[in-house]
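A.B. asks: Sharing a structure, written as structure tokens. Questions coming.
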Amino acid sequence: MSVLDDLLASLGGDAAVREVRTCVHWTAVVSRHCGLASSIHYEQHPHGHESVRGVGTLHERSALELAQYATSDMLLEAGIGLAAINSLIDVDEERCVELNAGDWLAERGQGKRVAVVGSFPFIPRLREEVGELWVLERHPSEGELLAEEARNVIPQADIVAITGTALINHTLDELLALCRPESSVMILGGSTPLSPVLFDYGVDVLSGTLVVNTDLVLTLISQGATFRQIKGPGVRLLTMTSSGRR
């Protein structure tokens, strides 16, 4: 069973979908809670030649039905599905601390080899604070590596941080398989499900978001907000560890 299959199987009772927003940077599904996931537009059909199924009626489906979109090979659909999954998760806040992923990586990565899958704003800081840093990206900027280098880099890393969007493009299982058993593994970013199911797959730390002001977040993402622009009163940054401790 894949991580995604297990996540879907772990979801509790269904809920009505009250809102679906697929915006330039973020997708939101509001059911039991407000769930977020990245909106990914690249790959086979960059100009929108591939259509999301059921547009105009998505809000009429149940959250569990919409969550099945996460298995789609179309990235916008998969993002909608992951947002629906996140909207159904009752986050155990007692297992979480309010801690930014970049702070955790900077503290734990001192003198260690760190691989980060995905480009994050804290990367320049990490380059100054960790022993060695590799950043893997599908569309790398200067100083970053192509994502295809993961098979060479990740097995060398003491700490591996993987963007939650790996659930959207269905690469998470492959990336986790590259991690050494003794390495520390984090899944991070606004798409990350704060579900202990991921701990069964060798993940040690989950760093994601909890929406605390749904109306504000919907307004912001509808107006093109990046993640930096929805932080603050709209969401809380939460980190959950497999041990329940920081």
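Going through the structure tokens in order, the chains are called A, B, and so on, while each chain numbers its residues from 1 and the ligands are numbered from 1 in the order shown.
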Considering only C-alpha atoms, give me a table of residues in stretch 94-138 of chain A that are at most 8 Å from stretch 234-245 of chain A, with the closest atom pair and distance in Å for each, as a tab-separated table.

C.D. replies:
residue	atom	partner	partner_atom	distance
A:Arg95	CA	A:Gly244	CA	5.1
A:Cys96	CA	A:Met240	CA	4.5
A:Val97	CA	A:Thr239	CA	5.4
A:Glu98	CA	A:Leu238	CA	4.6
A:Leu99	CA	A:Thr239	CA	5.7
A:Asn100	CA	A:Leu237	CA	6.1
A:Ala101	CA	A:Thr239	CA	7.3

A.B. asks: List every residue of stretch 165-195 of chain A that DSSP, applied to the backbone of this structure, assigns to helix (DSSP H, G or I), and report them as number ranges by chain.

C.D. replies: A: 165-167, 172-178

A.B. asks: List the neighbours of A:Ile123 out to 10 Å using only C-alpha atoms; skip same-chain residues closer than 5 positions along the sequence, and give me the result as a VMD selection string.

C.D. replies: chain A and resid 102 105 to 106 116 118 128 to 129 133 to 135

A.B. asks: Residues of stretch 13-246 of chain A classed as strand (DSSP E) by DSSP on the backbone are to be reported as an mmCIF file with C-alpha atoms, in the first residue's frame.

C.D. replies:
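What ended up in part-v8.cif:
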data_model
loop_
_atom_site.group_PDB
_atom_site.id
_atom_site.type_symbol
_atom_site.label_atom_id
_atom_site.label_comp_id
_atom_site.auth_asym_id
_atom_site.auth_seq_id
_atom_site.Cartn_x
_atom_site.Cartn_y
_atom_site.Cartn_z
ATOM 1 C CA GLU A 19 -16.240 25.362 -0.730
ATOM 2 C CA VAL A 20 -13.604 24.517 -3.341
ATOM 3 C CA ARG A 21 -11.078 27.127 -4.461
ATOM 4 C CA THR A 22 -8.344 26.347 -6.984
ATOM 5 C CA TRP A 26 -3.066 27.396 -3.382
ATOM 6 C CA THR A 27 -6.079 25.124 -3.517
ATOM 7 C CA ALA A 28 -8.522 25.004 -0.608
ATOM 8 C CA VAL A 29 -11.317 22.584 0.194
ATOM 9 C CA VAL A 30 -13.629 23.428 3.080
ATOM 10 C CA CYS A 34 -10.306 24.047 5.691
ATOM 11 C CA GLY A 35 -7.611 21.994 3.959
ATOM 12 C CA LEU A 36 -4.872 23.442 1.784
ATOM 13 C CA ALA A 37 -2.646 22.045 -0.959
ATOM 14 C CA SER A 38 -0.390 23.619 -3.556
ATOM 15 C CA CYS A 96 2.125 19.418 17.922
ATOM 16 C CA VAL A 97 4.236 22.429 18.737
ATOM 17 C CA GLU A 98 4.178 25.782 16.971
ATOM 18 C CA ARG A 113 24.358 16.631 5.639
ATOM 19 C CA VAL A 114 20.866 17.873 4.765
ATOM 20 C CA ALA A 115 18.848 17.207 1.596
ATOM 21 C CA VAL A 116 15.771 19.335 0.934
ATOM 22 C CA VAL A 117 13.330 18.336 -1.806
ATOM 23 C CA GLU A 132 26.254 20.425 3.884
ATOM 24 C CA LEU A 133 23.077 21.233 1.984
ATOM 25 C CA TRP A 134 21.588 19.846 -1.204
ATOM 26 C CA VAL A 135 18.390 21.355 -2.634
ATOM 27 C CA LEU A 136 16.497 19.315 -5.234
ATOM 28 C CA GLU A 137 13.988 20.956 -7.563
ATOM 29 C CA LEU A 145 20.047 20.328 -8.275
ATOM 30 C CA LEU A 146 17.639 18.657 -10.661
ATOM 31 C CA ILE A 159 18.431 14.706 7.406
ATOM 32 C CA VAL A 160 15.947 14.622 4.521
ATOM 33 C CA ALA A 161 13.189 17.227 4.214
ATOM 34 C CA ILE A 162 10.582 16.522 1.523
ATOM 35 C CA THR A 163 7.918 18.928 0.340
ATOM 36 C CA SER A 184 15.803 11.865 10.095
ATOM 37 C CA VAL A 185 12.960 12.467 7.651
ATOM 38 C CA MET A 186 10.642 15.482 7.590
ATOM 39 C CA ILE A 187 7.632 16.229 5.376
ATOM 40 C CA LEU A 188 6.998 19.959 5.232
ATOM 41 C CA VAL A 205 8.581 14.911 11.609
ATOM 42 C CA LEU A 206 5.569 16.563 9.962
ATOM 43 C CA SER A 207 5.602 20.328 9.590
ATOM 44 C CA GLY A 208 2.418 21.781 8.127
ATOM 45 C CA THR A 209 -0.367 24.276 8.648
ATOM 46 C CA LEU A 210 -3.651 24.455 10.487
ATOM 47 C CA VAL A 211 -6.127 26.967 9.082
ATOM 48 C CA VAL A 235 -2.912 29.783 9.784
ATOM 49 C CA ARG A 236 -0.789 28.247 12.519
ATOM 50 C CA LEU A 237 2.511 26.567 11.658
ATOM 51 C CA LEU A 238 2.527 23.238 13.469
ATOM 52 C CA THR A 239 5.185 20.555 13.788
ATOM 53 C CA MET A 240 4.350 17.009 14.873
ATOM 54 C CA THR A 241 6.947 14.365 15.690
#

A.B. asks: Under the rule of at most 12 Å, produce a per-residue listing of stretch 105-189 of chain A near stretch 83-87 of chain A: chain, number, name, the closest pair of atoms, and the distance in Å, as CSV, using only C-alpha atoms.

C.D. replies:
residue,atom,partner,partner_atom,distance
A:Gly164,CA,A:Ala83,CA,11.3
A:Thr165,CA,A:Ala83,CA,10.9
A:Leu167,CA,A:Ala83,CA,10.9
A:Ile168,CA,A:Ala83,CA,9.9

A.B. asks: In Å, how far is it from atom CA of A:Thr214 to atom CA of A:Ser51?

C.D. replies: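 So the answer is 26.8 Å.
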
A.B. asks: Kindly indicate which residue among A:Asp14, A:Asp6, A:Asp158, A:Glu60 lies nearest to A:Gly109, using only C-alpha atoms for the distances.

C.D. replies: A:Asp158

A.B. asks: Between atom CA of A:Arg228 and atom CA of A:Pro121, what is the spacing in Å?

C.D. replies: 9.0 Å

A.B. asks: Find, counting only C-alpha atoms, the residue in A:Val24, A:Cys179, A:Leu88, A:Leu194 that gets nearest to A:Phe227.

C.D. replies: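 That would be A:Val24, the residue with the smallest distance to A:Phe227.
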
A.B. asks: For A:His41, find every residue with an atom within 12 Å (counting only C-alpha atoms), except residues of its own chain fewer than 6 positions away, and show them as JSON, numbers by chain.

C.D. replies: {"A": [22, 23, 24, 25, 26, 27, 47, 48, 49, 50, 51, 52, 74, 75, 76, 77, 78, 79, 168, 169]}

A.B. asks: Which residue, A:Pro155, A:Pro193, A:Pro233, A:Gly224, has the smallest gap to A:Pro181 when you use only C-alpha atoms?

C.D. replies: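 That would be A:Pro155, the residue with the smallest distance to A:Pro181.
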
A.B. asks: Between A:Leu172, A:Ala63, A:Ile230, A:Val91, which is the closest to A:Val17 once you count only C-alpha atoms?

C.D. replies: A:Ala63

A.B. asks: Just give me the gap between atom CA of A:Leu82 and atom CA of A:Tyr69 in Å, one decimal is fine.

C.D. replies: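 Separation between atom CA of A:Leu82 and atom CA of A:Tyr69: 7.6 Å.
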